[in-house]
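One structure below.
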Amino acid sequence: MTRTTPPRPVDLEAVFPELAPLARTATRLHPRPGVPSPQDSSIGGPLLWPASEPWPHCSEDGHDAGPIPLMSLADARLRRRIELARESREWGYTTEEQALLERIEKMDVPEGPVAMLPVAQLYLRDVPGLRPPEGADLLQVLWCPFEFHGDGMPTTAVFWRSAAAVTDILLAPPEPAAVDGVAYVPEPCFIHPEEVIEYPSSLELGREMRERLDRWAIDELGIEYHNLCIAPGFKVGGYINWGMTDPYPNPCPTCGTPTEPLLTIAGTEWNFDVHHWIPYEDQAANLARAPIQGSPSRPTRICVSDDNAQIIRVCPTSHEHPHIQMMQ
C-alpha cells in the first residue's frame with residue numbers, strides 16, 4: 001500500500017533560501033507488518049541468503065542480561081504474540097496468556113558467538129536511493145539481539161550482493177540461543193518506500209543560522225526546527241537528527257573520508273503530535289490508538305536503547321571499507 005507524507009507546514013526553502021543547496025533526498029521505508037518472503041524487501045523478514053555462505057555471528061563480549069532477563073527466540077516471539085493480542089482489546093491478559101508468560105524461562109548467557117537476526121533487506125528496484133557497489137542490487141543488514149556491547153547498541157553486519165547470483169537459498173538460518181528480550185526481535189514487515197526532502201539539523205549549521213532557525217520555528221510555528229527538517233523512522237540516506245550529542249566527525253576508519261548515513265534503524269515511525277510526518281493513510285489509525293505501545297507508529301516493535309535511533313554510516317569512496325554505527 002502506498003504511504004504519502006503530507007507537506008510540512010511551511011516551505012523551508014522559501015523562508016530560508018540558504019537551505020536549498022543543503023537539501024538531501026531520503027527514502028522513508030514505511031515498514032508495516034506482514035509476511036515477506038526472501039524475494040521481498042523487508043524489515044525483519046527472511047533474507048535471500050546463499051546456502052553456501054556462512055551465516056553471520058557476533059563474537060563480541062557483552063551477551064549478558066540487562067534489566068530484562070534473557071529469553072529464547074521462540075519465547076520472545078510468543079511474548080510478542082501475546083502482547084499484540086492484549087493490545088487489540090481494552091483489558092489485560094487472559095488467564096491463559098498470563099500462564100504462558102509465567103512459563104517463559106529465563107535463559108543463561110549464551111556461550112560463544114551469537115547468530116545474528118535480519119534487520120533489513122532492501123532491493124535496489126524498491127529503493128532507488130541505495131548506492132550499491134557495481135554488480136550488486138541487494139542490501140542486507142543483520143544485528144546481534146543484545147544491547148550491552150561496548151557502544152551500548154546492537155552490533156550490526158552489512159552485506160551487498162547480486163540477487164540473481166543467489167540460486168540456492170538458506171531456508172533455515174541459525175538462530176541465537178538467547179535474545180535480550182523482545183526489543184531486538186523485529187516484527188517482519190513489508191516496506192512502502194517514499195522519497196522525501198530533508199535539511200540538516202540546526203546543530204550542523206553555524207551559530208547565527210542555528211539561532212535563526214530555532215527561534216523562527218518556535219515563534220512562527222510553535223514547533224521545534226528538528227521536527228521540520230528531518231524525517232523520523234526507518235529510512236535510507238538523508239540527515240542525522242542529532243540530539244543525544246552535538247554533531248561529531250565520523251571518518252571512515254580505513255581512509256579517513258567523512259562517512260554518510262546509509263540506514264537509520266528506528267523503533268518509532270513518527271511522534272503522535274507531529275502530524276506532518278504521519279502518512280495520510282495512517283492518520284485515522286494513529287488517532288484511534290495513540291500514543292500507547294500498540295500505536296501504528298511502532299510497526300517493527302523494536303526499541304533501540306530507550307527508543308533512540310541507530311544509524312549505520314558508510315564510506316562513500318569504497319564499499320570494502322568497514323561501516324560504522326552510532327546512536328542518536
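All residue names refer to the C-alpha cells as shown: chains lettered A, B, ... in order, residues numbered from 1 in each chain, ligands numbered from 1 in order.
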
Tell me, counting only C-alpha atoms, for each residue of stretch 187-206 of chain A within 8 Å of stretch 17-30 of chain A, which pair of atoms is nearest and how far apart they are in Å to one decimal, in rows ordered by chain and increasing number, as a Markdown table.
```
| residue | atom | partner | partner_atom | distance |
| --- | --- | --- | --- | --- |
| A:Ile191 | CA | A:Leu29 | CA | 5.4 |
| A:His192 | CA | A:His30 | CA | 5.1 |
| A:Pro193 | CA | A:Leu29 | CA | 4.4 |
| A:Glu194 | CA | A:Arg28 | CA | 5.2 |
| A:Glu195 | CA | A:Thr27 | CA | 4.3 |
| A:Val196 | CA | A:Ala26 | CA | 5.5 |
| A:Ile197 | CA | A:Thr25 | CA | 4.7 |
| A:Glu198 | CA | A:Arg24 | CA | 5.3 |
| A:Tyr199 | CA | A:Ala23 | CA | 5.0 |
| A:Pro200 | CA | A:Leu22 | CA | 7.1 |
```

Same residues, all heavy atoms, saved as a PDB file, in the first residue's frame:
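What landed in again-v1.pdb:
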```pdb
ATOM      1  N   ILE A 191       7.933  -3.167   3.223  1.00  0.00           N
ATOM      2  CA  ILE A 191       8.225  -1.740   3.197  1.00  0.00           C
ATOM      3  C   ILE A 191       7.407  -1.070   2.092  1.00  0.00           C
ATOM      4  O   ILE A 191       6.966  -1.721   1.143  1.00  0.00           O
ATOM      5  CB  ILE A 191       9.727  -1.454   3.002  1.00  0.00           C
ATOM      6  CG1 ILE A 191      10.197  -1.920   1.611  1.00  0.00           C
ATOM      7  CG2 ILE A 191      10.550  -2.086   4.110  1.00  0.00           C
ATOM      8  CD1 ILE A 191      11.571  -1.403   1.232  1.00  0.00           C
ATOM      9  N   HIS A 192       7.208   0.249   2.247  1.00  0.00           N
ATOM     10  CA  HIS A 192       6.455   1.045   1.289  1.00  0.00           C
ATOM     11  C   HIS A 192       7.249   2.339   1.059  1.00  0.00           C
ATOM     12  O   HIS A 192       6.930   3.391   1.606  1.00  0.00           O
ATOM     13  CB  HIS A 192       5.053   1.346   1.827  1.00  0.00           C
ATOM     14  CG  HIS A 192       4.293   0.111   2.223  1.00  0.00           C
ATOM     15  ND1 HIS A 192       4.478  -0.515   3.432  1.00  0.00           N
ATOM     16  CD2 HIS A 192       3.384  -0.625   1.551  1.00  0.00           C
ATOM     17  CE1 HIS A 192       3.699  -1.583   3.502  1.00  0.00           C
ATOM     18  NE2 HIS A 192       3.024  -1.666   2.376  1.00  0.00           N
ATOM     19  N   PRO A 193       8.326   2.259   0.268  1.00  0.00           N
ATOM     20  CA  PRO A 193       9.286   3.369   0.173  1.00  0.00           C
ATOM     21  C   PRO A 193       8.667   4.643  -0.396  1.00  0.00           C
ATOM     22  O   PRO A 193       7.807   4.620  -1.278  1.00  0.00           O
ATOM     23  CB  PRO A 193      10.367   2.827  -0.769  1.00  0.00           C
ATOM     24  CG  PRO A 193      10.190   1.340  -0.743  1.00  0.00           C
ATOM     25  CD  PRO A 193       8.725   1.113  -0.553  1.00  0.00           C
ATOM     26  N   GLU A 194       9.164   5.766   0.134  1.00  0.00           N
ATOM     27  CA  GLU A 194       8.724   7.087  -0.329  1.00  0.00           C
ATOM     28  C   GLU A 194       9.883   8.066  -0.160  1.00  0.00           C
ATOM     29  O   GLU A 194      10.467   8.157   0.924  1.00  0.00           O
ATOM     30  CB  GLU A 194       7.528   7.575   0.495  1.00  0.00           C
ATOM     31  CG  GLU A 194       7.063   8.974   0.103  1.00  0.00           C
ATOM     32  CD  GLU A 194       6.191   9.628   1.166  1.00  0.00           C
ATOM     33  OE1 GLU A 194       6.284   9.228   2.351  1.00  0.00           O
ATOM     34  OE2 GLU A 194       5.438  10.554   0.815  1.00  0.00           O
ATOM     35  N   GLU A 195      10.203   8.793  -1.211  1.00  0.00           N
ATOM     36  CA  GLU A 195      11.282   9.774  -1.126  1.00  0.00           C
ATOM     37  C   GLU A 195      10.772  11.099  -0.568  1.00  0.00           C
ATOM     38  O   GLU A 195       9.685  11.563  -0.947  1.00  0.00           O
ATOM     39  CB  GLU A 195      11.911   9.986  -2.504  1.00  0.00           C
ATOM     40  CG  GLU A 195      12.692   8.773  -2.999  1.00  0.00           C
ATOM     41  CD  GLU A 195      13.480   9.063  -4.267  1.00  0.00           C
ATOM     42  OE1 GLU A 195      13.159  10.049  -4.963  1.00  0.00           O
ATOM     43  OE2 GLU A 195      14.419   8.294  -4.566  1.00  0.00           O
ATOM     44  N   VAL A 196      11.554  11.680   0.333  1.00  0.00           N
ATOM     45  CA  VAL A 196      11.238  12.986   0.923  1.00  0.00           C
ATOM     46  C   VAL A 196      12.506  13.826   0.924  1.00  0.00           C
ATOM     47  O   VAL A 196      13.614  13.303   0.808  1.00  0.00           O
ATOM     48  CB  VAL A 196      10.686  12.847   2.358  1.00  0.00           C
ATOM     49  CG1 VAL A 196       9.363  12.106   2.378  1.00  0.00           C
ATOM     50  CG2 VAL A 196      11.703  12.163   3.283  1.00  0.00           C
ATOM     51  N   ILE A 197      12.322  15.120   1.055  1.00  0.00           N
ATOM     52  CA  ILE A 197      13.456  16.046   1.115  1.00  0.00           C
ATOM     53  C   ILE A 197      13.740  16.392   2.567  1.00  0.00           C
ATOM     54  O   ILE A 197      12.829  16.694   3.345  1.00  0.00           O
ATOM     55  CB  ILE A 197      13.175  17.325   0.313  1.00  0.00           C
ATOM     56  CG1 ILE A 197      12.957  16.981  -1.159  1.00  0.00           C
ATOM     57  CG2 ILE A 197      14.335  18.322   0.461  1.00  0.00           C
ATOM     58  CD1 ILE A 197      14.154  16.329  -1.830  1.00  0.00           C
ATOM     59  N   GLU A 198      15.022  16.354   2.930  1.00  0.00           N
ATOM     60  CA  GLU A 198      15.439  16.709   4.283  1.00  0.00           C
ATOM     61  C   GLU A 198      16.452  17.846   4.243  1.00  0.00           C
ATOM     62  O   GLU A 198      17.100  18.096   3.213  1.00  0.00           O
ATOM     63  CB  GLU A 198      16.071  15.507   4.989  1.00  0.00           C
ATOM     64  CG  GLU A 198      15.114  14.370   5.262  1.00  0.00           C
ATOM     65  CD  GLU A 198      15.737  13.281   6.120  1.00  0.00           C
ATOM     66  OE1 GLU A 198      16.987  13.246   6.255  1.00  0.00           O
ATOM     67  OE2 GLU A 198      14.969  12.483   6.678  1.00  0.00           O
ATOM     68  N   TYR A 199      16.576  18.496   5.391  1.00  0.00           N
ATOM     69  CA  TYR A 199      17.554  19.563   5.569  1.00  0.00           C
ATOM     70  C   TYR A 199      18.340  19.273   6.840  1.00  0.00           C
ATOM     71  O   TYR A 199      17.866  18.548   7.719  1.00  0.00           O
ATOM     72  CB  TYR A 199      16.849  20.917   5.667  1.00  0.00           C
ATOM     73  CG  TYR A 199      15.982  21.219   4.468  1.00  0.00           C
ATOM     74  CD1 TYR A 199      14.624  20.923   4.479  1.00  0.00           C
ATOM     75  CD2 TYR A 199      16.527  21.753   3.315  1.00  0.00           C
ATOM     76  CE1 TYR A 199      13.820  21.164   3.372  1.00  0.00           C
ATOM     77  CE2 TYR A 199      15.741  21.998   2.196  1.00  0.00           C
ATOM     78  CZ  TYR A 199      14.383  21.698   2.235  1.00  0.00           C
ATOM     79  OH  TYR A 199      13.607  21.923   1.131  1.00  0.00           O
ATOM     80  N   PRO A 200      19.543  19.831   6.965  1.00  0.00           N
ATOM     81  CA  PRO A 200      20.372  19.479   8.122  1.00  0.00           C
ATOM     82  C   PRO A 200      19.802  19.976   9.441  1.00  0.00           C
ATOM     83  O   PRO A 200      19.092  20.979   9.492  1.00  0.00           O
ATOM     84  CB  PRO A 200      21.717  20.145   7.812  1.00  0.00           C
ATOM     85  CG  PRO A 200      21.385  21.245   6.861  1.00  0.00           C
ATOM     86  CD  PRO A 200      20.235  20.749   6.050  1.00  0.00           C
TER      87      PRO A 200
END
```

Leaving out A:His57 and any residue of its chain fewer than 2 positions from it, which residues lie within 9 Å of it when counting only C-alpha atoms, given as JSON, numbers by chain?
{"A": [54, 55, 59, 113, 114, 115, 116, 143, 144, 176]}

Residues from the last selection, N, CA, C and O atoms, saved as a PDB file, in the first residue's frame:
```
ATOM      1  N   PRO A  54      28.460 -18.775   5.036  1.00  0.00           N
ATOM      2  CA  PRO A  54      28.235 -18.833   6.484  1.00  0.00           C
ATOM      3  C   PRO A  54      27.308 -17.714   6.959  1.00  0.00           C
ATOM      4  O   PRO A  54      27.378 -16.589   6.467  1.00  0.00           O
ATOM      5  N   TRP A  55      26.438 -18.048   7.891  1.00  0.00           N
ATOM      6  CA  TRP A  55      25.535 -17.058   8.483  1.00  0.00           C
ATOM      7  C   TRP A  55      26.320 -16.193   9.469  1.00  0.00           C
ATOM      8  O   TRP A  55      27.157 -16.696  10.223  1.00  0.00           O
ATOM      9  N   SER A  59      30.703 -12.235  17.753  1.00  0.00           N
ATOM     10  CA  SER A  59      31.647 -12.826  18.700  1.00  0.00           C
ATOM     11  C   SER A  59      32.095 -11.832  19.760  1.00  0.00           C
ATOM     12  O   SER A  59      33.010 -12.112  20.537  1.00  0.00           O
ATOM     13  N   PRO A 113      29.935 -17.395  19.991  1.00  0.00           N
ATOM     14  CA  PRO A 113      29.306 -16.416  19.096  1.00  0.00           C
ATOM     15  C   PRO A 113      27.792 -16.596  19.030  1.00  0.00           C
ATOM     16  O   PRO A 113      27.269 -17.701  19.155  1.00  0.00           O
ATOM     17  N   VAL A 114      27.092 -15.483  18.812  1.00  0.00           N
ATOM     18  CA  VAL A 114      25.630 -15.457  18.772  1.00  0.00           C
ATOM     19  C   VAL A 114      25.168 -15.211  17.343  1.00  0.00           C
ATOM     20  O   VAL A 114      25.619 -14.262  16.688  1.00  0.00           O
ATOM     21  N   ALA A 115      24.272 -16.054  16.843  1.00  0.00           N
ATOM     22  CA  ALA A 115      23.729 -15.862  15.499  1.00  0.00           C
ATOM     23  C   ALA A 115      22.979 -14.541  15.424  1.00  0.00           C
ATOM     24  O   ALA A 115      22.207 -14.189  16.324  1.00  0.00           O
ATOM     25  N   MET A 116      23.196 -13.800  14.352  1.00  0.00           N
ATOM     26  CA  MET A 116      22.537 -12.507  14.177  1.00  0.00           C
ATOM     27  C   MET A 116      21.139 -12.679  13.601  1.00  0.00           C
ATOM     28  O   MET A 116      20.808 -13.713  13.012  1.00  0.00           O
ATOM     29  N   TRP A 143      21.671  -7.789  12.837  1.00  0.00           N
ATOM     30  CA  TRP A 143      22.250  -7.319  14.088  1.00  0.00           C
ATOM     31  C   TRP A 143      22.227  -8.425  15.139  1.00  0.00           C
ATOM     32  O   TRP A 143      21.512  -9.419  15.029  1.00  0.00           O
ATOM     33  N   CYS A 144      23.055  -8.202  16.151  1.00  0.00           N
ATOM     34  CA  CYS A 144      23.099  -9.093  17.303  1.00  0.00           C
ATOM     35  C   CYS A 144      22.009  -8.649  18.269  1.00  0.00           C
ATOM     36  O   CYS A 144      21.953  -7.467  18.624  1.00  0.00           O
ATOM     37  N   PRO A 176      19.793 -17.300  17.303  1.00  0.00           N
ATOM     38  CA  PRO A 176      20.526 -17.100  18.555  1.00  0.00           C
ATOM     39  C   PRO A 176      19.970 -17.978  19.672  1.00  0.00           C
ATOM     40  O   PRO A 176      18.766 -18.222  19.736  1.00  0.00           O
TER      41      PRO A 176
END
```

Let's see if you can do this: from backbone DSSP, list all alpha helix (DSSP H) residues in stretch 39-183 of chain A, as a ChimeraX atom specification.
/A:73-87,95-103

Contacts of stretch 183-186 of chain A at 6 Å or less, counting only C-alpha atoms, minus same-chain residues fewer than 2 places along, as an MDAnalysis selection string?
chainID A and resid 44 145 181 300 302:303

Writer output for current selection, C-alpha atoms, as an mmCIF file, in the first residue's frame:
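Output file result_26.cif follows:
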```
data_model
loop_
_atom_site.group_PDB
_atom_site.id
_atom_site.type_symbol
_atom_site.label_atom_id
_atom_site.label_comp_id
_atom_site.auth_asym_id
_atom_site.auth_seq_id
_atom_site.Cartn_x
_atom_site.Cartn_y
_atom_site.Cartn_z
ATOM 1 C CA GLY A 44 12.871 -8.186 9.953
ATOM 2 C CA PRO A 145 19.963 -9.138 19.519
ATOM 3 C CA GLY A 181 14.094 -9.523 25.365
ATOM 4 C CA THR A 300 8.564 -3.166 13.796
ATOM 5 C CA ILE A 302 11.848 -2.759 18.217
ATOM 6 C CA CYS A 303 13.273 -0.353 20.764
#
```

Tell me, counting only C-alpha atoms, for each residue of stretch 236-306 of chain A within 12 Å of stretch 151-168 of chain A, which pair of atoms is nearest and how far apart they are in Å to one decimal, in rows ordered by chain and increasing number, as JSON lines.
```
{"residue": "A:Leu262", "atom": "CA", "partner": "A:Val158", "partner_atom": "CA", "distance": 10.2}
{"residue": "A:Leu263", "atom": "CA", "partner": "A:Val158", "partner_atom": "CA", "distance": 10.2}
{"residue": "A:Ile265", "atom": "CA", "partner": "A:Thr156", "partner_atom": "CA", "distance": 10.8}
{"residue": "A:Ile302", "atom": "CA", "partner": "A:Pro154", "partner_atom": "CA", "distance": 11.6}
{"residue": "A:Cys303", "atom": "CA", "partner": "A:Met153", "partner_atom": "CA", "distance": 10.4}
{"residue": "A:Val304", "atom": "CA", "partner": "A:Met153", "partner_atom": "CA", "distance": 7.0}
{"residue": "A:Ser305", "atom": "CA", "partner": "A:Met153", "partner_atom": "CA", "distance": 6.7}
{"residue": "A:Asp306", "atom": "CA", "partner": "A:Met153", "partner_atom": "CA", "distance": 10.5}
```

Those same residues - all heavy atoms - I'd like them written as a JSON list (two decimals), in the first residue's frame.
```json
[["chain", "number", "residue", "atom", "x", "y", "z"],
["A", 262, "LEU", "N", 23.73, 5.53, 5.76],
["A", 262, "LEU", "CA", 23.17, 4.53, 4.85],
["A", 262, "LEU", "C", 21.76, 4.17, 5.30],
["A", 262, "LEU", "O", 20.80, 4.29, 4.53],
["A", 262, "LEU", "CB", 24.05, 3.29, 4.81],
["A", 262, "LEU", "CG", 23.45, 2.07, 4.08],
["A", 262, "LEU", "CD1", 23.25, 2.37, 2.60],
["A", 262, "LEU", "CD2", 24.33, 0.84, 4.27],
["A", 263, "LEU", "N", 21.63, 3.71, 6.54],
["A", 263, "LEU", "CA", 20.35, 3.23, 7.05],
["A", 263, "LEU", "C", 20.14, 3.73, 8.47],
["A", 263, "LEU", "O", 21.04, 3.61, 9.31],
["A", 263, "LEU", "CB", 20.32, 1.70, 7.03],
["A", 263, "LEU", "CG", 19.05, 1.04, 7.58],
["A", 263, "LEU", "CD1", 17.86, 1.30, 6.66],
["A", 263, "LEU", "CD2", 19.26, -0.46, 7.79],
["A", 265, "ILE", "N", 17.85, 3.01, 11.69],
["A", 265, "ILE", "CA", 17.00, 1.98, 12.31],
["A", 265, "ILE", "C", 16.28, 2.64, 13.49],
["A", 265, "ILE", "O", 16.93, 3.12, 14.42],
["A", 265, "ILE", "CB", 17.85, 0.80, 12.80],
["A", 265, "ILE", "CG1", 18.62, 0.17, 11.64],
["A", 265, "ILE", "CG2", 16.99, -0.24, 13.51],
["A", 265, "ILE", "CD1", 19.70, -0.80, 12.07],
["A", 302, "ILE", "N", 10.53, -2.80, 17.59],
["A", 302, "ILE", "CA", 11.85, -2.76, 18.22],
["A", 302, "ILE", "C", 11.99, -1.51, 19.06],
["A", 302, "ILE", "O", 11.21, -0.55, 18.94],
["A", 302, "ILE", "CB", 12.98, -2.82, 17.17],
["A", 302, "ILE", "CG1", 12.93, -1.59, 16.24],
["A", 302, "ILE", "CG2", 12.93, -4.11, 16.38],
["A", 302, "ILE", "CD1", 14.15, -1.47, 15.35],
["A", 303, "CYS", "N", 12.98, -1.52, 19.92],
["A", 303, "CYS", "CA", 13.27, -0.35, 20.76],
["A", 303, "CYS", "C", 14.76, -0.32, 21.01],
["A", 303, "CYS", "O", 15.30, -1.13, 21.77],
["A", 303, "CYS", "CB", 12.51, -0.44, 22.08],
["A", 303, "CYS", "SG", 12.84, 0.94, 23.21],
["A", 304, "VAL", "N", 15.46, 0.58, 20.33],
["A", 304, "VAL", "CA", 16.92, 0.68, 20.46],
["A", 304, "VAL", "C", 17.24, 1.55, 21.66],
["A", 304, "VAL", "O", 17.06, 2.77, 21.63],
["A", 304, "VAL", "CB", 17.55, 1.27, 19.18],
["A", 304, "VAL", "CG1", 19.06, 1.41, 19.36],
["A", 304, "VAL", "CG2", 17.23, 0.42, 17.97],
["A", 305, "SER", "N", 17.69, 0.94, 22.73],
["A", 305, "SER", "CA", 18.18, 1.67, 23.90],
["A", 305, "SER", "C", 17.30, 2.87, 24.24],
["A", 305, "SER", "O", 17.65, 4.02, 23.99],
["A", 305, "SER", "CB", 19.62, 2.13, 23.68],
["A", 305, "SER", "OG", 20.15, 2.68, 24.87],
["A", 306, "ASP", "N", 16.13, 2.61, 24.80],
["A", 306, "ASP", "CA", 15.19, 3.67, 25.20],
["A", 306, "ASP", "C", 14.67, 4.48, 24.03],
["A", 306, "ASP", "O", 14.53, 5.70, 24.11],
["A", 306, "ASP", "CB", 15.82, 4.60, 26.25],
["A", 306, "ASP", "CG", 16.12, 3.88, 27.55],
["A", 306, "ASP", "OD1", 15.37, 2.95, 27.89],
["A", 306, "ASP", "OD2", 17.11, 4.24, 28.22]]
```
